[in-house]
Amino acid sequence: MYSIGQVAKMFDLPISTLRYYDKQGLFPHMERASGIRRFSDTEIEALRVIECLKKAGMEIKDIRQFMDWCVKGPSTYPQRKAMFEERKAHMEAEIAHMNQALDMLKFKCWYYAQAIRDGNEEKLAAMIPDKLPEEIRAIYDNSHRE
C-alpha cells in the first residue's frame with residue numbers, strides 16, 4: 001500500500017490531482033484507514049491507465065465512464081475495447097501529423113545547411129522536388145503532403 005504522497009512522487013503529480021481523481025470516482029475500490037487514502041497496486045495500475053488516457057486527449061468524464069465499465073465487469077469489454085480503439089486511432093493520426101511537422105523541420109535543417117555551404121539557394125531551388133537526394137526527397141514528400 002502506498003500513501004498519497006508516495007503516489008504523487010511516483011507519478012510526478014500534485015497531491016491535489018490525486019484527490020481530484022478520487023473525488024471524480026476514478027478509484028472506486030480505494031481503501032481508507034481513518035480517512036486516509038491508501039493506494040494499492042490496483043489503484044497504481046488504474047493511475048497508469050488514467051495518465052495514458054489523459055495524454056491521449058481523453059476528458060475526465062470519459063475516463064470516469066471507463067472506470068464505471070471496469071466496475072461493471074466483463075459485460076463491458078466491447079465498450080472498453082471500442083474506447084481504446086478510438087483513442088488509438090486518434091493518437092495514430094496525431095503521430096502522423098507530428099511526423100509530418102518533424103519531416104518539415106528535418107528538410108529545412110538540411111536545406112539551410114546546403115544553403116550555408118553553397119552561399120545561396122539557387123542550386124537548391126533547381127533541385128526541388130525531383131532532383132533531391134532520395135532520403136531527403138522522402139522527408140520532403142511527407143512534409144508537403146496534404
# chains A, B, ... in the order shown; residues from 1 in each chain; ligands from 1

$ select_by_dssp --residues "stretch 7-145 of chain A" --states "alpha helix (DSSP H)" --output "ChimeraX atom specification"
/A:7-11,15-23,41-55,60-72,77-118,122-127,134-143

$ closest_atom_pairs --of "stretch 21-71 of chain A" --to "stretch 89-106 of chain A" --cutoff "10 Å" --atoms "only C-alpha atoms" --output "JSON lines"
{"residue": "A:Lys55", "atom": "CA", "partner": "A:Met91", "partner_atom": "CA", "distance": 9.4}
{"residue": "A:Ala56", "atom": "CA", "partner": "A:Met91", "partner_atom": "CA", "distance": 6.3}
{"residue": "A:Gly57", "atom": "CA", "partner": "A:Met91", "partner_atom": "CA", "distance": 8.5}

$ write_last_selection --atoms "N, CA and C atoms" --output "PDB file, in the first residue's frame"
ATOM      1  N   LYS A  55      -3.097  11.745 -21.556  1.00  0.00           N
ATOM      2  CA  LYS A  55      -2.110  12.122 -22.576  1.00  0.00           C
ATOM      3  C   LYS A  55      -2.667  11.894 -23.973  1.00  0.00           C
ATOM      4  N   ALA A  56      -3.589  10.955 -24.094  1.00  0.00           N
ATOM      5  CA  ALA A  56      -4.217  10.670 -25.385  1.00  0.00           C
ATOM      6  C   ALA A  56      -5.373  11.625 -25.672  1.00  0.00           C
ATOM      7  N   GLY A  57      -5.597  12.601 -24.791  1.00  0.00           N
ATOM      8  CA  GLY A  57      -6.595  13.626 -25.039  1.00  0.00           C
ATOM      9  C   GLY A  57      -7.986  13.329 -24.509  1.00  0.00           C
TER      10      GLY A  57
END

$ residues_around --residues "A:Arg137" --least-positions-apart "6" --cutoff "10 Å" --atoms "only C-alpha atoms" --output "NGL selection string"
:A and (107 or 127-131 or 143)

$ residues_around --residues "A:Gly25" --least-positions-apart "2" --cutoff "9 Å" --atoms "only C-alpha atoms" --output "list in words"
Tyr20, Tyr21, Asp22, Lys23, Phe27, Pro28, Arg64, Met67 and Asp68 of chain A

$ residues_around --residues "A:Thr17" --least-positions-apart "3" --cutoff "12 Å" --atoms "only C-alpha atoms" --output "number ranges by chain"
A: 4-5, 7-9, 11-14, 20-24, 26, 47, 50-51, 60

$ atom_distance --atom1 "atom CA of A:Ala82" --atom2 "atom CA of A:Thr42"
22.4 Å

$ select_by_dssp --residues "stretch 1-144 of chain A" --states "strand (DSSP E or B)" --output "ChimeraX atom specification"
/A:2,31-33,36-39

$ write_last_selection --atoms "all heavy atoms" --output "compact mmCIF listing (two decimals), in the first residue's frame"
# COMPACT_ATOMS: atom_id res chain seq x y z
N TYR A 2 0.39 2.26 -0.67
CA TYR A 2 1.14 3.50 -0.82
C TYR A 2 0.32 4.67 -0.29
O TYR A 2 -0.89 4.70 -0.44
CB TYR A 2 1.47 3.76 -2.30
CG TYR A 2 2.20 2.63 -2.97
CD1 TYR A 2 1.50 1.63 -3.64
CD2 TYR A 2 3.59 2.57 -2.96
CE1 TYR A 2 2.17 0.59 -4.27
CE2 TYR A 2 4.26 1.53 -3.59
CZ TYR A 2 3.54 0.55 -4.24
OH TYR A 2 4.20 -0.48 -4.87
N GLU A 31 -8.98 1.87 -0.65
CA GLU A 31 -9.13 1.68 0.79
C GLU A 31 -8.75 2.95 1.52
O GLU A 31 -7.94 3.74 1.05
CB GLU A 31 -8.22 0.53 1.26
CG GLU A 31 -8.64 -0.82 0.76
CD GLU A 31 -7.74 -1.93 1.30
OE1 GLU A 31 -7.18 -1.77 2.41
OE2 GLU A 31 -7.60 -2.94 0.61
N ARG A 32 -9.36 3.10 2.68
CA ARG A 32 -9.02 4.22 3.55
C ARG A 32 -8.82 3.69 4.96
O ARG A 32 -9.56 2.82 5.40
CB ARG A 32 -10.14 5.27 3.54
CG ARG A 32 -10.20 6.05 2.25
CD ARG A 32 -11.36 7.04 2.25
NE ARG A 32 -11.33 7.94 1.13
CZ ARG A 32 -11.56 7.61 -0.13
NH1 ARG A 32 -11.83 6.37 -0.44
NH2 ARG A 32 -11.50 8.50 -1.09
N ALA A 33 -7.82 4.22 5.62
CA ALA A 33 -7.58 3.89 7.02
C ALA A 33 -7.71 5.19 7.80
O ALA A 33 -6.91 6.11 7.60
CB ALA A 33 -6.18 3.28 7.20
N ILE A 36 -7.71 8.17 5.62
CA ILE A 36 -6.51 8.41 4.82
C ILE A 36 -6.49 7.44 3.64
O ILE A 36 -6.63 6.23 3.82
CB ILE A 36 -5.23 8.25 5.67
CG1 ILE A 36 -5.23 9.32 6.77
CG2 ILE A 36 -3.98 8.37 4.80
CD1 ILE A 36 -4.12 9.15 7.79
N ARG A 37 -6.33 8.00 2.45
CA ARG A 37 -6.30 7.18 1.23
C ARG A 37 -5.09 6.27 1.24
O ARG A 37 -3.97 6.71 1.50
CB ARG A 37 -6.27 8.07 -0.01
CG ARG A 37 -7.50 8.90 -0.22
CD ARG A 37 -7.24 9.94 -1.32
NE ARG A 37 -8.39 10.77 -1.58
CZ ARG A 37 -8.65 11.91 -0.94
NH1 ARG A 37 -7.83 12.37 -0.03
NH2 ARG A 37 -9.74 12.61 -1.24
N ARG A 38 -5.31 5.01 0.87
CA ARG A 38 -4.22 4.03 0.74
C ARG A 38 -4.31 3.45 -0.67
O ARG A 38 -5.32 2.86 -1.04
CB ARG A 38 -4.34 2.91 1.78
CG ARG A 38 -4.37 3.40 3.23
CD ARG A 38 -3.13 4.12 3.65
NE ARG A 38 -1.97 3.22 3.59
CZ ARG A 38 -0.71 3.63 3.65
NH1 ARG A 38 -0.44 4.90 3.77
NH2 ARG A 38 0.27 2.77 3.59
N PHE A 39 -3.28 3.65 -1.45
CA PHE A 39 -3.24 3.20 -2.83
C PHE A 39 -2.64 1.80 -2.91
O PHE A 39 -1.51 1.59 -2.50
CB PHE A 39 -2.40 4.16 -3.68
CG PHE A 39 -3.03 5.51 -3.90
CD1 PHE A 39 -3.03 6.47 -2.90
CD2 PHE A 39 -3.61 5.82 -5.12
CE1 PHE A 39 -3.61 7.72 -3.10
CE2 PHE A 39 -4.19 7.06 -5.33
CZ PHE A 39 -4.19 8.01 -4.32

$ atom_distance --atom1 "atom CA of A:Phe84" --atom2 "atom CA of A:Arg19"
25.1 Å

$ closest_residue --among "A:Ala113, A:Ala46, A:Leu124, A:Leu18" --to "A:Val71" --atoms "only C-alpha atoms"
A:Ala46

$ closest_residue --among "A:Lys81, A:Lys72, A:Lys108, A:Arg87" --to "A:Leu53" --atoms "only C-alpha atoms"
A:Arg87

$ atom_distance --atom1 "atom CA of A:Ile136" --atom2 "atom CA of A:Tyr111"
9.3 Å

$ decode --residues "stretch 112-141 of chain A" --atoms "N, CA and C atoms" --output "PDB file, in the first residue's frame"
ATOM      1  N   TYR A 112      18.902  24.426 -45.184  1.00  0.00           N
ATOM      2  CA  TYR A 112      19.735  25.572 -44.812  1.00  0.00           C
ATOM      3  C   TYR A 112      21.189  25.191 -44.609  1.00  0.00           C
ATOM      4  N   ALA A 113      21.483  23.955 -44.280  1.00  0.00           N
ATOM      5  CA  ALA A 113      22.879  23.504 -44.243  1.00  0.00           C
ATOM      6  C   ALA A 113      23.472  23.580 -45.651  1.00  0.00           C
ATOM      7  N   GLN A 114      22.671  23.186 -46.653  1.00  0.00           N
ATOM      8  CA  GLN A 114      23.124  23.261 -48.046  1.00  0.00           C
ATOM      9  C   GLN A 114      23.268  24.718 -48.491  1.00  0.00           C
ATOM     10  N   ALA A 115      22.302  25.541 -48.102  1.00  0.00           N
ATOM     11  CA  ALA A 115      22.356  26.957 -48.489  1.00  0.00           C
ATOM     12  C   ALA A 115      23.581  27.637 -47.876  1.00  0.00           C
ATOM     13  N   ILE A 116      23.903  27.287 -46.645  1.00  0.00           N
ATOM     14  CA  ILE A 116      25.099  27.846 -45.997  1.00  0.00           C
ATOM     15  C   ILE A 116      26.345  27.382 -46.744  1.00  0.00           C
ATOM     16  N   ARG A 117      26.383  26.093 -47.062  1.00  0.00           N
ATOM     17  CA  ARG A 117      27.539  25.536 -47.787  1.00  0.00           C
ATOM     18  C   ARG A 117      27.715  26.215 -49.152  1.00  0.00           C
ATOM     19  N   ASP A 118      26.576  26.399 -49.866  1.00  0.00           N
ATOM     20  CA  ASP A 118      26.636  26.971 -51.217  1.00  0.00           C
ATOM     21  C   ASP A 118      26.716  28.499 -51.216  1.00  0.00           C
ATOM     22  N   GLY A 119      26.312  29.123 -50.134  1.00  0.00           N
ATOM     23  CA  GLY A 119      26.319  30.581 -50.072  1.00  0.00           C
ATOM     24  C   GLY A 119      25.061  31.214 -50.638  1.00  0.00           C
ATOM     25  N   ASN A 120      24.140  30.374 -51.148  1.00  0.00           N
ATOM     26  CA  ASN A 120      22.869  30.881 -51.674  1.00  0.00           C
ATOM     27  C   ASN A 120      21.904  29.707 -51.832  1.00  0.00           C
ATOM     28  N   GLU A 121      20.712  29.982 -52.389  1.00  0.00           N
ATOM     29  CA  GLU A 121      19.684  28.946 -52.538  1.00  0.00           C
ATOM     30  C   GLU A 121      19.435  28.561 -53.992  1.00  0.00           C
ATOM     31  N   GLU A 122      20.221  29.053 -54.891  1.00  0.00           N
ATOM     32  CA  GLU A 122      19.979  28.813 -56.317  1.00  0.00           C
ATOM     33  C   GLU A 122      20.037  27.331 -56.675  1.00  0.00           C
ATOM     34  N   LYS A 123      21.087  26.660 -56.257  1.00  0.00           N
ATOM     35  CA  LYS A 123      21.235  25.236 -56.566  1.00  0.00           C
ATOM     36  C   LYS A 123      20.083  24.436 -55.953  1.00  0.00           C
ATOM     37  N   LEU A 124      19.687  24.807 -54.744  1.00  0.00           N
ATOM     38  CA  LEU A 124      18.584  24.125 -54.057  1.00  0.00           C
ATOM     39  C   LEU A 124      17.274  24.301 -54.803  1.00  0.00           C
ATOM     40  N   ALA A 125      17.014  25.510 -55.259  1.00  0.00           N
ATOM     41  CA  ALA A 125      15.767  25.780 -55.968  1.00  0.00           C
ATOM     42  C   ALA A 125      15.646  24.892 -57.205  1.00  0.00           C
ATOM     43  N   ALA A 126      16.764  24.617 -57.860  1.00  0.00           N
ATOM     44  CA  ALA A 126      16.750  23.773 -59.053  1.00  0.00           C
ATOM     45  C   ALA A 126      16.546  22.297 -58.700  1.00  0.00           C
ATOM     46  N   MET A 127      16.821  21.912 -57.457  1.00  0.00           N
ATOM     47  CA  MET A 127      16.707  20.507 -57.039  1.00  0.00           C
ATOM     48  C   MET A 127      15.295  20.118 -56.616  1.00  0.00           C
ATOM     49  N   ILE A 128      14.503  21.101 -56.193  1.00  0.00           N
ATOM     50  CA  ILE A 128      13.199  20.800 -55.583  1.00  0.00           C
ATOM     51  C   ILE A 128      12.137  20.648 -56.657  1.00  0.00           C
ATOM     52  N   PRO A 129      11.347  19.620 -56.638  1.00  0.00           N
ATOM     53  CA  PRO A 129      11.404  18.462 -55.747  1.00  0.00           C
ATOM     54  C   PRO A 129      12.088  17.246 -56.375  1.00  0.00           C
ATOM     55  N   ASP A 130      12.211  17.211 -57.698  1.00  0.00           N
ATOM     56  CA  ASP A 130      12.594  15.979 -58.383  1.00  0.00           C
ATOM     57  C   ASP A 130      14.067  15.610 -58.303  1.00  0.00           C
ATOM     58  N   LYS A 131      14.925  16.545 -57.992  1.00  0.00           N
ATOM     59  CA  LYS A 131      16.362  16.249 -58.007  1.00  0.00           C
ATOM     60  C   LYS A 131      16.965  16.210 -56.603  1.00  0.00           C
ATOM     61  N   LEU A 132      16.116  16.105 -55.615  1.00  0.00           N
ATOM     62  CA  LEU A 132      16.602  15.986 -54.234  1.00  0.00           C
ATOM     63  C   LEU A 132      17.207  14.606 -54.026  1.00  0.00           C
ATOM     64  N   PRO A 133      18.200  14.499 -53.129  1.00  0.00           N
ATOM     65  CA  PRO A 133      18.695  13.161 -52.784  1.00  0.00           C
ATOM     66  C   PRO A 133      17.534  12.302 -52.273  1.00  0.00           C
ATOM     67  N   GLU A 134      17.600  11.005 -52.515  1.00  0.00           N
ATOM     68  CA  GLU A 134      16.484  10.105 -52.229  1.00  0.00           C
ATOM     69  C   GLU A 134      15.965  10.224 -50.794  1.00  0.00           C
ATOM     70  N   GLU A 135      16.869  10.206 -49.797  1.00  0.00           N
ATOM     71  CA  GLU A 135      16.417  10.258 -48.393  1.00  0.00           C
ATOM     72  C   GLU A 135      15.795  11.612 -48.056  1.00  0.00           C
ATOM     73  N   ILE A 136      16.276  12.659 -48.674  1.00  0.00           N
ATOM     74  CA  ILE A 136      15.716  13.999 -48.457  1.00  0.00           C
ATOM     75  C   ILE A 136      14.378  14.117 -49.184  1.00  0.00           C
ATOM     76  N   ARG A 137      14.271  13.499 -50.351  1.00  0.00           N
ATOM     77  CA  ARG A 137      13.023  13.532 -51.111  1.00  0.00           C
ATOM     78  C   ARG A 137      11.889  12.896 -50.303  1.00  0.00           C
ATOM     79  N   ALA A 138      12.203  11.811 -49.588  1.00  0.00           N
ATOM     80  CA  ALA A 138      11.175  11.136 -48.785  1.00  0.00           C
ATOM     81  C   ALA A 138      10.651  12.054 -47.686  1.00  0.00           C
ATOM     82  N   ILE A 139      11.539  12.751 -46.990  1.00  0.00           N
ATOM     83  CA  ILE A 139      11.052  13.646 -45.926  1.00  0.00           C
ATOM     84  C   ILE A 139      10.392  14.889 -46.524  1.00  0.00           C
ATOM     85  N   TYR A 140      10.888  15.339 -47.678  1.00  0.00           N
ATOM     86  CA  TYR A 140      10.243  16.463 -48.364  1.00  0.00           C
ATOM     87  C   TYR A 140       8.814  16.081 -48.749  1.00  0.00           C
ATOM     88  N   ASP A 141       8.670  14.910 -49.364  1.00  0.00           N
ATOM     89  CA  ASP A 141       7.336  14.462 -49.785  1.00  0.00           C
ATOM     90  C   ASP A 141       6.391  14.355 -48.600  1.00  0.00           C
TER      91      ASP A 141
END
